[in-house]
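Here's protein13.cif, which has mmCIF, C-alpha atoms:
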```cif
data_my_file
#
loop_
_atom_site.label_atom_id
_atom_site.label_comp_id
_atom_site.auth_asym_id
_atom_site.auth_seq_id
_atom_site.Cartn_x
_atom_site.Cartn_y
_atom_site.Cartn_z
CA MET A 1 10.59 -13.46 12.66
CA ASN A 2 8.35 -10.68 11.31
CA SER A 3 6.30 -11.02 8.12
CA ALA A 4 8.84 -9.20 5.92
CA GLN A 5 11.62 -11.45 7.20
CA ARG A 6 9.41 -14.47 6.45
CA ILE A 7 9.01 -13.27 2.84
CA ALA A 8 12.77 -12.66 2.49
CA GLU A 9 13.60 -16.07 3.95
CA THR A 10 11.21 -17.74 1.49
CA LEU A 11 12.64 -15.86 -1.48
CA ASP A 12 16.14 -16.81 -0.38
CA ARG A 13 15.20 -20.51 -0.48
CA HIS A 14 13.78 -20.22 -3.99
CA LEU A 15 16.72 -18.34 -5.49
CA THR A 16 19.24 -20.42 -7.41
CA GLU A 17 22.12 -17.93 -7.27
CA LYS A 18 23.33 -14.94 -5.28
CA THR A 19 20.90 -12.07 -5.82
CA GLU A 20 20.90 -8.47 -4.61
CA ILE A 21 17.69 -6.55 -4.10
CA VAL A 22 16.85 -3.10 -2.75
CA VAL A 23 13.77 -3.02 -0.53
CA PHE A 24 11.67 0.04 0.25
CA GLY A 25 8.35 0.89 1.87
CA ALA A 26 7.45 -0.69 5.20
CA ALA A 27 9.67 -3.70 4.50
CA ALA A 28 12.77 -1.48 4.40
CA VAL A 29 12.63 -0.97 8.16
CA LEU A 30 11.15 -4.36 9.00
CA LEU A 31 14.09 -6.04 7.26
CA ASP A 32 16.66 -3.82 8.93
CA PRO A 33 17.49 -5.62 12.18
CA VAL A 34 18.42 -2.35 13.89
CA TYR A 35 14.92 -0.98 13.29
CA ALA A 36 12.95 -4.23 13.36
CA GLN A 37 13.61 -4.79 17.05
CA HIS A 38 11.65 -1.60 17.75
CA LEU A 39 8.76 -2.63 15.51
CA GLU A 40 7.30 -5.66 17.22
CA ASN A 41 3.74 -4.55 16.55
CA ARG A 42 4.32 -3.47 12.97
CA ARG A 43 3.36 -5.87 10.20
CA THR A 44 3.28 -5.86 6.44
CA GLN A 45 1.88 -8.29 3.92
CA ASP A 46 4.36 -7.53 1.16
CA VAL A 47 7.90 -6.54 0.28
CA ASP A 48 8.43 -3.77 -2.29
CA ILE A 49 11.58 -3.82 -4.42
CA ILE A 50 13.51 -1.18 -6.39
CA ILE A 51 15.65 -2.37 -9.29
CA PRO A 52 18.65 -0.01 -9.78
CA ALA A 53 18.94 1.42 -13.29
CA GLN A 54 22.16 -0.38 -14.15
CA ARG A 55 20.58 -3.76 -13.32
CA GLU A 56 17.15 -3.25 -14.85
CA MET A 57 17.74 -5.09 -18.14
CA GLN A 58 19.64 -7.92 -16.50
CA VAL A 59 16.93 -8.48 -13.89
CA ASP A 60 14.11 -8.15 -16.40
CA SER A 61 15.55 -10.94 -18.52
CA ASP A 62 16.58 -13.24 -15.66
CA PRO A 63 14.10 -16.17 -15.65
CA ASN A 64 15.56 -17.61 -12.44
CA PHE A 65 14.78 -14.41 -10.52
CA TRP A 66 11.18 -14.25 -11.73
CA ARG A 67 10.67 -17.96 -11.10
CA ALA A 68 11.89 -17.45 -7.52
CA ILE A 69 9.44 -14.55 -7.10
CA GLU A 70 6.57 -16.66 -8.44
CA ASN A 71 7.47 -19.62 -6.25
CA THR A 72 7.75 -17.36 -3.21
CA ASN A 73 4.31 -15.88 -3.85
CA GLN A 74 2.85 -19.33 -4.41
CA GLU A 75 4.33 -20.70 -1.19
CA LEU A 76 3.14 -17.73 0.87
CA LYS A 77 -0.29 -17.40 -0.74
CA ASN A 78 -2.13 -19.07 2.14
CA GLU A 79 -0.49 -16.70 4.62
CA GLY A 80 -1.53 -13.67 2.56
CA LEU A 81 2.10 -12.60 2.11
CA TYR A 82 3.68 -11.72 -1.22
CA ILE A 83 6.24 -9.81 -3.26
CA SER A 84 4.39 -7.81 -5.84
CA HIS A 85 5.54 -4.24 -6.24
CA ILE A 86 8.75 -4.28 -8.23
CA PHE A 87 9.74 -0.89 -9.56
CA PRO A 88 12.68 0.15 -11.71
CA GLU A 89 14.59 3.04 -10.17
CA ARG A 90 13.32 5.40 -12.88
CA GLU A 91 9.77 4.98 -11.54
CA VAL A 92 10.54 5.89 -7.93
CA THR A 93 11.16 9.39 -6.58
CA LEU A 94 14.71 9.33 -5.19
CA THR A 95 17.74 11.59 -4.95
CA PRO A 96 20.36 11.09 -7.68
CA GLU A 97 22.85 9.85 -5.07
CA TRP A 98 20.54 7.32 -3.40
CA GLN A 99 22.64 4.27 -4.25
CA ARG A 100 25.77 5.76 -2.72
CA TYR A 101 24.02 6.00 0.65
CA ALA A 102 22.05 2.75 0.49
CA VAL A 103 22.24 0.79 3.75
CA GLN A 104 23.29 -2.86 3.55
CA LEU A 105 21.01 -5.06 5.65
CA GLU A 106 22.63 -7.68 7.85
CA THR A 107 20.92 -10.99 7.17
CA PRO A 108 23.35 -13.74 8.21
CA ASN A 109 20.66 -16.42 7.94
CA LEU A 110 20.12 -15.87 4.23
CA ALA A 111 22.34 -17.86 1.86
CA LYS A 112 21.74 -16.19 -1.51
CA LEU A 113 19.69 -13.07 -0.93
CA LYS A 114 21.56 -9.87 -0.19
CA MET A 115 19.43 -6.86 0.65
CA SER A 116 19.89 -3.14 1.03
CA ARG A 117 17.52 -0.24 1.59
CA PRO A 118 17.62 3.45 0.71
CA ARG A 119 18.78 5.67 3.59
CA VAL A 120 16.00 7.26 5.63
CA LEU A 121 16.21 10.56 3.70
CA ASP A 122 15.52 8.71 0.44
CA LEU A 123 12.70 6.72 2.02
CA VAL A 124 11.14 10.09 2.88
CA ILE A 125 11.73 11.44 -0.63
CA SER A 126 10.18 8.29 -2.14
CA LYS A 127 6.91 9.25 -0.44
CA MET A 128 6.73 12.49 -2.45
CA GLY A 129 5.46 10.68 -5.53
CA ARG A 130 2.07 10.67 -3.88
CA GLY A 131 2.15 12.33 -0.45
CA ASP A 132 -1.26 11.07 0.65
CA ALA A 133 -2.53 10.61 4.23
CA GLN A 134 -0.89 7.21 4.57
CA ASP A 135 2.43 8.44 3.17
CA ILE A 136 2.40 11.30 5.66
CA GLU A 137 1.70 8.88 8.51
CA ASP A 138 4.52 6.61 7.28
CA VAL A 139 6.95 9.53 7.22
CA LYS A 140 5.97 10.61 10.73
CA ASN A 141 6.48 7.07 12.05
CA LEU A 142 9.76 6.65 10.19
CA LEU A 143 11.25 9.89 11.52
CA ARG A 144 10.00 9.15 15.04
CA LEU A 145 11.76 5.78 14.84
CA GLU A 146 14.92 7.28 13.40
CA HIS A 147 15.07 9.76 16.25
CA LYS A 148 14.48 7.03 18.82
CA ILE A 149 17.26 4.83 17.41
CA THR A 150 19.90 7.29 16.25
CA GLY A 151 18.92 10.54 17.97
CA LYS A 152 18.91 12.23 14.57
CA ILE A 153 16.33 14.94 13.87
CA PHE A 154 15.59 15.51 10.20
CA SER A 155 15.09 19.14 9.34
CA ALA A 156 12.47 20.29 6.88
CA ALA A 157 15.22 22.35 5.21
CA ASP A 158 17.34 19.23 4.58
CA VAL A 159 14.39 17.35 3.15
CA ARG A 160 13.40 20.29 0.95
CA GLU A 161 16.96 20.63 -0.35
CA ALA A 162 17.09 16.90 -1.18
CA SER A 163 13.67 17.03 -2.82
CA GLU A 164 14.82 19.81 -5.13
CA ARG A 165 17.38 17.54 -6.74
CA ALA A 166 15.19 14.39 -6.71
CA ASN A 167 14.50 12.48 -9.89
CA VAL A 168 10.74 12.64 -10.25
CA PRO A 169 9.18 10.05 -12.59
CA ALA A 170 7.03 11.55 -15.34
CA ALA A 171 3.88 9.95 -13.89
CA TYR A 172 4.31 11.91 -10.65
CA ARG A 173 5.46 15.30 -11.98
CA GLU A 174 2.04 16.91 -11.89
CA ILE A 175 1.28 15.94 -8.30
CA PHE A 176 4.84 16.14 -7.00
CA PRO A 177 4.88 19.86 -5.99
CA ALA A 178 1.82 19.56 -3.74
CA ALA A 179 2.80 16.11 -2.46
CA ARG A 180 6.27 17.40 -1.59
CA GLU A 181 4.85 20.29 0.41
CA ARG A 182 2.61 17.93 2.41
CA ILE A 183 5.55 15.67 3.25
CA ILE A 184 7.79 18.61 4.17
CA ALA A 185 5.03 20.00 6.42
CA ALA A 186 4.93 16.63 8.23
CA VAL A 187 8.72 16.66 8.61
CA ALA A 188 8.60 20.23 9.94
CA ALA A 189 5.94 19.31 12.52
CA GLY A 190 8.03 16.36 13.72
CA GLU A 191 11.18 18.48 13.83
CA GLN A 192 9.46 21.11 15.93
CA SER A 193 8.06 18.60 18.42
CA ARG A 194 11.40 16.82 18.83
CA ARG A 195 13.37 20.02 19.36
CA VAL A 196 11.05 21.23 22.12
CA MET B 1 -21.34 -8.86 -17.26
CA ALA B 2 -24.75 -8.41 -15.62
CA VAL B 3 -24.64 -5.87 -12.81
CA ALA B 4 -26.65 -7.00 -9.79
CA THR B 5 -29.33 -4.68 -8.44
CA GLY B 6 -30.49 -6.61 -5.34
CA ILE B 7 -33.22 -6.31 -2.75
CA PRO B 8 -33.33 -3.50 -0.16
CA PHE B 9 -31.67 -3.82 3.26
CA SER B 10 -33.72 -4.69 6.29
CA ALA B 11 -33.90 -2.19 9.14
CA ASP B 12 -32.07 -4.73 11.32
CA ALA B 13 -29.17 -5.01 8.88
CA LEU B 14 -28.83 -1.22 8.82
CA ALA B 15 -28.86 -0.96 12.60
CA ASP B 16 -26.42 -3.88 13.00
CA SER B 17 -23.86 -2.46 10.64
CA ALA B 18 -24.08 1.02 12.14
CA ALA B 19 -23.29 -0.41 15.58
CA LEU B 20 -20.10 -2.19 14.55
CA SER B 21 -16.74 -0.59 15.35
CA ARG B 22 -14.14 0.00 12.64
CA GLU B 23 -12.05 -2.79 14.14
CA SER B 24 -14.96 -5.22 13.84
CA LEU B 25 -15.65 -4.09 10.29
CA LEU B 26 -11.99 -4.59 9.34
CA SER B 27 -12.02 -8.01 10.93
CA ILE B 28 -15.05 -9.03 8.86
CA ALA B 29 -13.53 -7.59 5.68
CA ILE B 30 -10.29 -9.49 6.25
CA ALA B 31 -12.30 -12.69 6.83
CA ARG B 32 -13.98 -12.04 3.47
CA GLY B 33 -10.74 -11.69 1.52
CA CYS B 34 -9.13 -8.33 2.31
CA ARG B 35 -6.00 -10.02 3.62
CA HIS B 36 -3.77 -7.20 2.41
CA TYR B 37 -5.25 -5.12 5.24
CA ALA B 38 -4.58 -7.65 7.99
CA PRO B 39 -1.76 -5.46 9.42
CA LEU B 40 -4.39 -2.84 10.31
CA LEU B 41 -5.86 -5.17 12.90
CA PRO B 42 -4.23 -5.41 16.34
CA ASP B 43 -2.76 -8.86 17.07
CA ASP B 44 -5.32 -9.57 19.77
CA VAL B 45 -8.33 -9.00 17.51
CA ALA B 46 -9.61 -12.19 15.91
CA VAL B 47 -10.55 -12.31 12.23
CA ILE B 48 -14.21 -13.34 12.34
CA ASP B 49 -16.93 -12.99 9.73
CA HIS B 50 -20.41 -11.75 10.55
CA PRO B 51 -22.44 -13.60 7.89
CA ALA B 52 -25.60 -11.56 8.45
CA LEU B 53 -23.88 -8.33 7.45
CA PRO B 54 -24.54 -7.52 3.78
CA HIS B 55 -21.32 -7.04 1.83
CA GLU B 56 -22.44 -3.67 0.48
CA MET B 57 -23.13 -2.43 4.01
CA LEU B 58 -19.73 -3.60 5.15
CA GLY B 59 -17.98 -1.74 2.33
CA ALA B 60 -19.90 1.49 2.84
CA ALA B 61 -19.55 1.36 6.65
CA LEU B 62 -15.77 1.17 6.26
CA LEU B 63 -15.84 4.45 4.34
CA ARG B 64 -17.05 6.43 7.36
CA GLY B 65 -14.83 8.61 9.49
CA PRO B 66 -12.91 11.88 9.72
CA ALA B 67 -10.25 12.72 7.13
CA ASP B 68 -7.30 11.06 8.88
CA ALA B 69 -4.85 8.23 8.28
CA GLY B 70 -7.04 5.61 9.99
CA THR B 71 -10.03 6.45 7.83
CA PHE B 72 -7.79 6.56 4.76
CA GLN B 73 -6.78 2.92 5.30
CA ALA B 74 -10.35 1.88 6.10
CA ILE B 75 -11.51 3.50 2.84
CA ARG B 76 -8.97 1.39 0.91
CA CYS B 77 -10.32 -1.74 2.55
CA GLY B 78 -13.93 -0.61 2.01
CA ALA B 79 -13.22 -0.01 -1.66
CA MET B 80 -11.96 -3.57 -2.02
CA VAL B 81 -15.23 -4.82 -0.49
CA LEU B 82 -17.42 -2.54 -2.64
CA SER B 83 -15.55 -3.67 -5.77
CA ASP B 84 -16.86 -7.24 -5.39
CA LEU B 85 -18.59 -7.91 -8.70
CA GLY B 86 -21.37 -9.78 -6.91
CA ASN B 87 -22.44 -6.62 -5.08
CA SER B 88 -25.72 -4.95 -5.94
CA VAL B 89 -25.15 -1.39 -7.17
CA VAL B 90 -28.55 -0.34 -5.80
CA ARG B 91 -27.60 -1.66 -2.38
CA ILE B 92 -24.22 0.11 -2.57
CA ARG B 93 -26.08 3.35 -3.29
CA ASP B 94 -28.49 2.78 -0.42
CA ALA B 95 -25.69 1.92 1.99
CA ALA B 96 -23.66 4.93 0.84
CA ASN B 97 -26.60 7.22 1.43
CA TYR B 98 -27.34 5.66 4.81
CA PHE B 99 -23.77 6.23 6.01
CA GLY B 100 -23.37 9.61 4.30
CA VAL B 101 -20.42 8.47 2.20
CA ALA B 102 -21.89 8.81 -1.30
CA HIS B 103 -19.14 11.23 -2.33
CA ARG B 104 -16.47 8.72 -1.25
CA VAL B 105 -18.20 5.94 -3.16
CA ALA B 106 -18.42 8.23 -6.20
CA HIS B 107 -14.68 8.91 -5.96
CA ILE B 108 -13.91 5.19 -5.94
CA ALA B 109 -16.36 4.58 -8.78
CA ARG B 110 -14.82 7.31 -10.95
CA LEU B 111 -11.38 5.74 -10.52
CA GLY B 112 -12.81 2.28 -11.15
CA LEU B 113 -14.47 3.51 -14.33
CA LYS B 114 -11.10 4.75 -15.56
CA PHE B 115 -8.71 2.05 -14.33
CA ASP B 116 -10.62 -1.16 -13.51
CA THR B 117 -11.12 -3.87 -16.13
CA HIS B 118 -14.83 -3.91 -15.24
CA PRO B 119 -15.89 -0.31 -16.05
CA GLU B 120 -19.52 -1.38 -16.63
CA PHE B 121 -19.88 -2.10 -12.91
CA TRP B 122 -18.71 1.39 -11.99
CA ALA B 123 -20.65 3.12 -14.77
CA THR B 124 -23.89 1.57 -13.52
CA LEU B 125 -23.08 2.60 -9.97
CA LEU B 126 -22.15 6.15 -10.98
CA ASP B 127 -25.51 6.52 -12.71
CA LEU B 128 -27.17 5.93 -9.34
CA ILE B 129 -24.96 8.02 -7.07
CA VAL B 130 -25.65 11.65 -6.34
CA ALA B 131 -22.64 13.22 -4.64
CA HIS B 132 -21.99 16.88 -4.06
CA ALA B 133 -19.16 16.92 -1.51
CA SER B 134 -15.54 16.57 -2.58
CA GLU B 135 -12.46 15.50 -0.66
CA ALA B 136 -10.06 15.24 -3.56
CA GLU B 137 -7.08 16.21 -1.40
CA PHE B 138 -7.76 13.48 1.13
CA LEU B 139 -9.20 10.49 -0.70
CA PRO B 140 -6.85 7.73 -1.91
CA GLY B 141 -5.61 7.83 -5.49
CA VAL B 142 -5.80 4.89 -7.88
CA SER B 143 -2.49 3.42 -6.72
CA ARG B 144 -4.15 2.71 -3.35
CA PHE B 145 -6.90 0.63 -4.94
CA VAL B 146 -4.76 -1.59 -7.13
CA SER B 147 -1.92 -4.03 -6.87
CA GLU B 148 0.68 -2.81 -9.28
CA THR B 149 4.10 -3.83 -10.38
CA ARG B 150 6.11 -2.10 -13.05
CA MET B 151 8.23 -5.16 -13.76
CA SER B 152 6.97 -8.73 -13.85
CA GLY B 153 9.50 -10.59 -15.93
CA PHE B 154 10.87 -10.60 -19.45
CA GLY B 155 8.19 -9.97 -22.05
CA ARG B 156 5.42 -9.41 -19.52
CA GLY B 157 5.87 -5.75 -18.60
CA PRO B 158 3.87 -3.79 -16.02
CA ALA B 159 0.79 -5.29 -14.40
CA ARG B 160 -2.03 -3.57 -12.55
CA GLU B 161 -4.95 -5.32 -10.91
CA TRP B 162 -7.92 -3.63 -9.28
CA LEU B 163 -8.32 -5.08 -5.78
CA ARG B 164 -11.67 -6.72 -5.09
CA THR B 165 -13.04 -9.44 -2.88
CA CYS B 166 -14.68 -12.49 -4.44
CA HIS B 167 -16.90 -13.06 -1.44
CA LEU B 168 -20.17 -13.06 -3.38
CA GLN B 169 -19.04 -15.00 -6.45
#
```
Transcribe the structure of this file into structure tokens.
Amino acid sequence: MNSAQRIAETLDRHLTEKTEIVVFGAAAVLLDPVYAQHLENRRTQDVDIIIPAQREMQVDSDPNFWRAIENTNQELKNEGLYISHIFPEREVTLTPEWQRYAVQLETPNLAKLKMSRPRVLDLVISKMGRGDAQDIEDVKNLLRLEHKITGKIFSAADVREASERANVPAAYREIFPAARERIIAAVAAGEQSRRV
Amino acid sequence: MAVATGIPFSADALADSAALSRESLLSIAIARGCRHYAPLLPDDVAVIDHPALPHEMLGAALLRGPADAGTFQAIRCGAMVLSDLGNSVVRIRDAANYFGVAHRVAHIARLGLKFDTHPEFWATLLDLIVAHASEAEFLPGVSRFVSETRMSGFGRGPAREWLRTCHLQ
């Protein structure tokens, strides 16, 4: 069990009813069994969550959910693991159609927690809110992994086209154009090396 | 809050810290509370403190390196160490100058002044730092120095906390 799976398993135990969450960041691939088996050396200390727009008010006012999050963090405190970054959809850079293509994660051992993740294209787009050195490295690793598992090569043109229709939160609008170009340059470099 | 000034480093402490690898520095930082950065350490590297290493030296030493992803992560960890409110600002300045990372310390301090709940610490440090170089395109933004959630439960709203060790408190 990797660290992200440990966090998910703990949250599942603390939930009192069936709950759906969308995970992103490093946890998105570590919680996807198809990808996780190729990531034995990859670790994370936290699980980041997106709350879809239509569920934001319901989740925000659900005391059972927040109690489960608190109890999870308390239980895992000594291991340095936690759930802390919980973002409403409107504060994450994503394509308008991201939910339609979200990937359900198979977690047969979890009783109440149901998880999904954005497709790889949206995970790339979500990095354009910042586009710093770590984001670029994450994108390179993600696309390398995607190619290894599915054989798919993302083209810079596809990513650019998706980025042009992305919903960009107000906080990121100023830095988005430059951040987007840095991410697209990383995608282009990976595309070129994989096509050779 | 009183901002510590501190006594100068010994020549031995300077030489010791300069000789440590990034992996060793990360290991020490994790032992001193930077657990968020534990994934940066290979599984076979033990987390061991080096008590003789001054905290300010540790933080500044982590800021060294070329502008790449590895250094970027080390800078985040170093910032968490330097943010310890028990650190001496004079010793941070001296360590920053010794390692040639004053401009990186100044970048962290400017963000801390704006976003941390302890701006007095950063203001005092900024008064001491002379930095001419700039790496604005490379250095981490504020979101890399804080733990932030936009939702934390009904009535509580967003929360942002500047990451710092409590090793010296």
Thr71 in chain B surroundings by only C-alpha atoms, 10 Å radius, close-in-sequence under 3 positions cut, as a ChimeraX atom specification: /A:133-134 /B:22,62-68,74-78,138-139
For Ala189 in chain A: contacts at 12 Å, all atoms listed in the file, fewer than 3 positions along chain excluded, given as a list in words: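 Once the adjacent positions are removed, what remains is Ile136, Glu137, Val139, Lys140, Leu143, Arg144, Ile153, Phe154, Ser155, Ala156, Arg182, Ile183, Ile184, Ala185, Ala186, Gln192, Ser193, Arg194, Arg195 and Val196 of chain A.
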Residues selected by the PyMOL selection byres ((chain B and resi 35) around 12), written as an MDAnalysis selection string: (chainID A and resid 44:46 77:82) or (chainID B and resid 26:34 36:41 47 77 80:81 163:165)
For the provided coordinates, the residues matched by the PyMOL selection byres ((chain B) within 6 of (chain A)) should be stated as a PDB file with C-alpha atoms, in the coordinates of the input.
```pdb
ATOM      1  CA  ARG B  35      -6.000 -10.020   3.620  1.00  0.00           C
ATOM      2  CA  HIS B  36      -3.770  -7.200   2.410  1.00  0.00           C
ATOM      3  CA  PRO B  39      -1.760  -5.460   9.420  1.00  0.00           C
ATOM      4  CA  ALA B  69      -4.850   8.230   8.280  1.00  0.00           C
ATOM      5  CA  GLU B 148       0.680  -2.810  -9.280  1.00  0.00           C
ATOM      6  CA  THR B 149       4.100  -3.830 -10.380  1.00  0.00           C
ATOM      7  CA  ARG B 150       6.110  -2.100 -13.050  1.00  0.00           C
ATOM      8  CA  MET B 151       8.230  -5.160 -13.760  1.00  0.00           C
ATOM      9  CA  GLY B 153       9.500 -10.590 -15.930  1.00  0.00           C
ATOM     10  CA  PHE B 154      10.870 -10.600 -19.450  1.00  0.00           C
TER      11      PHE B 154
END
```
Answer key for the PyMOL selection byres ((chain A and resi 34) around 12), residues as a count of residues only: 21
Å distance separating CA of Val130 in chain B from CA of Asn97 in chain B, one decimal place: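 It comes out at 9.0 Å.
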Spatial neighbours of Thr95 in chain A, max dist 7 Å, all atoms listed in the file, sep filter under 5 positions, as a PyMOL selection string: chain A and resi 122+162+165-167
Long-range neighbours of Glu161 in chain B as a PyMOL selection string, 8 Å cut-off, only C-alpha atoms, 3 positions minimum in chain: chain B and resi 116+146-148
Between CA of Val92 in chain A and CA of Lys114 in chain A, distance in Å (one decimal):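 Those two atoms sit 20.7 Å apart.
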Distance criterion (all atoms listed in the file): nearest to Ala18 in chain B out of B:Leu125, B:Leu168, B:Val89, B:Ala60: B:Ala60
Straight-line distance linking CA of Met57 in chain B with CA of Ala131 in chain B, stated in Å to one decimal: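 Answer for the CA of Met57 in chain B to CA of Ala131 in chain B separation: 17.9 Å.
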Give the centre and edge lengths of an axis-aligned box, in Å to one decimal, that holds all listed atoms of range 69-72 of chain A with 8 Å on each side, as lines of an AutoDock Vina configuration file.
```
center_x = 8.0
center_y = -17.1
center_z = -5.8
size_x = 18.9
size_y = 21.1
size_z = 21.2
```
Nearest candidate to Trp122 in chain B (options B:Ser152, B:Ser134, B:Ser83, B:Ser143; using all atoms listed in the file):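 So, comparing all the options, the nearest one is B:Ser83.
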Top pick for closest residue to Val22 in chain A, considering A:Ala8, A:Ala171, A:Val124, A:Ala111 and counting only C-alpha atoms: A:Ala8
Close residues, Leu123 in chain A itself excluded, 8 Å, all atoms listed in the file, min 6 positions apart in chain, as a list in words: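 Result of the neighbour search: Phe24, Gly25 and Leu94 of chain A.
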Selected residue of minimal separation from Ser17 in chain B among B:His118, B:Arg110, B:His50, B:Arg144, counting all atoms listed in the file: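 When distances to Ser17 in chain B are compared using all atoms listed in the file, the smallest one comes from B:His50.
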Neighbours of point (-21.4, -11.7, -6.3) within 10 Å, using only C-alpha atoms, written as a PyMOL selection string: chain B and resi 3-4+55+83-88+165-169
Range 63-82 of chain A rebuilt with N, CA and C atoms, output as a PDB file, in the frame of the given file:
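Written file, part.pdb:
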```pdb
ATOM      1  N   PRO A  63      15.238 -15.285 -15.967  1.00  0.00           N
ATOM      2  CA  PRO A  63      14.100 -16.170 -15.650  1.00  0.00           C
ATOM      3  C   PRO A  63      14.186 -16.776 -14.256  1.00  0.00           C
ATOM      4  N   ASN A  64      15.417 -16.997 -13.770  1.00  0.00           N
ATOM      5  CA  ASN A  64      15.560 -17.610 -12.440  1.00  0.00           C
ATOM      6  C   ASN A  64      15.003 -16.687 -11.344  1.00  0.00           C
ATOM      7  N   PHE A  65      15.272 -15.375 -11.500  1.00  0.00           N
ATOM      8  CA  PHE A  65      14.780 -14.410 -10.520  1.00  0.00           C
ATOM      9  C   PHE A  65      13.250 -14.412 -10.492  1.00  0.00           C
ATOM     10  N   TRP A  66      12.642 -14.352 -11.673  1.00  0.00           N
ATOM     11  CA  TRP A  66      11.180 -14.250 -11.730  1.00  0.00           C
ATOM     12  C   TRP A  66      10.516 -15.553 -11.288  1.00  0.00           C
ATOM     13  N   ARG A  67      11.193 -16.674 -11.576  1.00  0.00           N
ATOM     14  CA  ARG A  67      10.670 -17.960 -11.100  1.00  0.00           C
ATOM     15  C   ARG A  67      10.704 -17.987  -9.560  1.00  0.00           C
ATOM     16  N   ALA A  68      11.782 -17.482  -8.997  1.00  0.00           N
ATOM     17  CA  ALA A  68      11.890 -17.450  -7.520  1.00  0.00           C
ATOM     18  C   ALA A  68      10.805 -16.560  -6.921  1.00  0.00           C
ATOM     19  N   ILE A  69      10.520 -15.435  -7.579  1.00  0.00           N
ATOM     20  CA  ILE A  69       9.440 -14.550  -7.100  1.00  0.00           C
ATOM     21  C   ILE A  69       8.096 -15.283  -7.163  1.00  0.00           C
ATOM     22  N   GLU A  70       7.852 -15.939  -8.285  1.00  0.00           N
ATOM     23  CA  GLU A  70       6.570 -16.660  -8.440  1.00  0.00           C
ATOM     24  C   GLU A  70       6.435 -17.774  -7.404  1.00  0.00           C
ATOM     25  N   ASN A  71       7.516 -18.520  -7.218  1.00  0.00           N
ATOM     26  CA  ASN A  71       7.470 -19.620  -6.250  1.00  0.00           C
ATOM     27  C   ASN A  71       7.282 -19.107  -4.824  1.00  0.00           C
ATOM     28  N   THR A  72       7.912 -17.968  -4.534  1.00  0.00           N
ATOM     29  CA  THR A  72       7.750 -17.360  -3.210  1.00  0.00           C
ATOM     30  C   THR A  72       6.293 -16.974  -2.984  1.00  0.00           C
ATOM     31  N   ASN A  73       5.714 -16.305  -3.981  1.00  0.00           N
ATOM     32  CA  ASN A  73       4.310 -15.880  -3.850  1.00  0.00           C
ATOM     33  C   ASN A  73       3.373 -17.082  -3.726  1.00  0.00           C
ATOM     34  N   GLN A  74       3.685 -18.124  -4.464  1.00  0.00           N
ATOM     35  CA  GLN A  74       2.850 -19.330  -4.410  1.00  0.00           C
ATOM     36  C   GLN A  74       2.927 -19.963  -3.014  1.00  0.00           C
ATOM     37  N   GLU A  75       4.152 -20.055  -2.502  1.00  0.00           N
ATOM     38  CA  GLU A  75       4.330 -20.700  -1.190  1.00  0.00           C
ATOM     39  C   GLU A  75       3.642 -19.902  -0.075  1.00  0.00           C
ATOM     40  N   LEU A  76       3.662 -18.575  -0.211  1.00  0.00           N
ATOM     41  CA  LEU A  76       3.140 -17.730   0.870  1.00  0.00           C
ATOM     42  C   LEU A  76       1.662 -17.341   0.684  1.00  0.00           C
ATOM     43  N   LYS A  77       1.079 -17.806  -0.397  1.00  0.00           N
ATOM     44  CA  LYS A  77      -0.290 -17.400  -0.740  1.00  0.00           C
ATOM     45  C   LYS A  77      -1.268 -17.617   0.425  1.00  0.00           C
ATOM     46  N   ASN A  78      -1.172 -18.771   1.059  1.00  0.00           N
ATOM     47  CA  ASN A  78      -2.130 -19.070   2.140  1.00  0.00           C
ATOM     48  C   ASN A  78      -1.916 -18.219   3.383  1.00  0.00           C
ATOM     49  N   GLU A  79      -0.743 -17.600   3.480  1.00  0.00           N
ATOM     50  CA  GLU A  79      -0.490 -16.700   4.620  1.00  0.00           C
ATOM     51  C   GLU A  79      -0.815 -15.256   4.260  1.00  0.00           C
ATOM     52  N   GLY A  80      -1.204 -15.030   3.005  1.00  0.00           N
ATOM     53  CA  GLY A  80      -1.530 -13.670   2.560  1.00  0.00           C
ATOM     54  C   GLY A  80      -0.316 -12.783   2.383  1.00  0.00           C
ATOM     55  N   LEU A  81       0.867 -13.382   2.273  1.00  0.00           N
ATOM     56  CA  LEU A  81       2.100 -12.600   2.110  1.00  0.00           C
ATOM     57  C   LEU A  81       2.562 -12.711   0.653  1.00  0.00           C
ATOM     58  N   TYR A  82       3.256 -11.682   0.180  1.00  0.00           N
ATOM     59  CA  TYR A  82       3.680 -11.720  -1.220  1.00  0.00           C
ATOM     60  C   TYR A  82       4.713 -10.644  -1.538  1.00  0.00           C
TER      61      TYR A  82
END
```
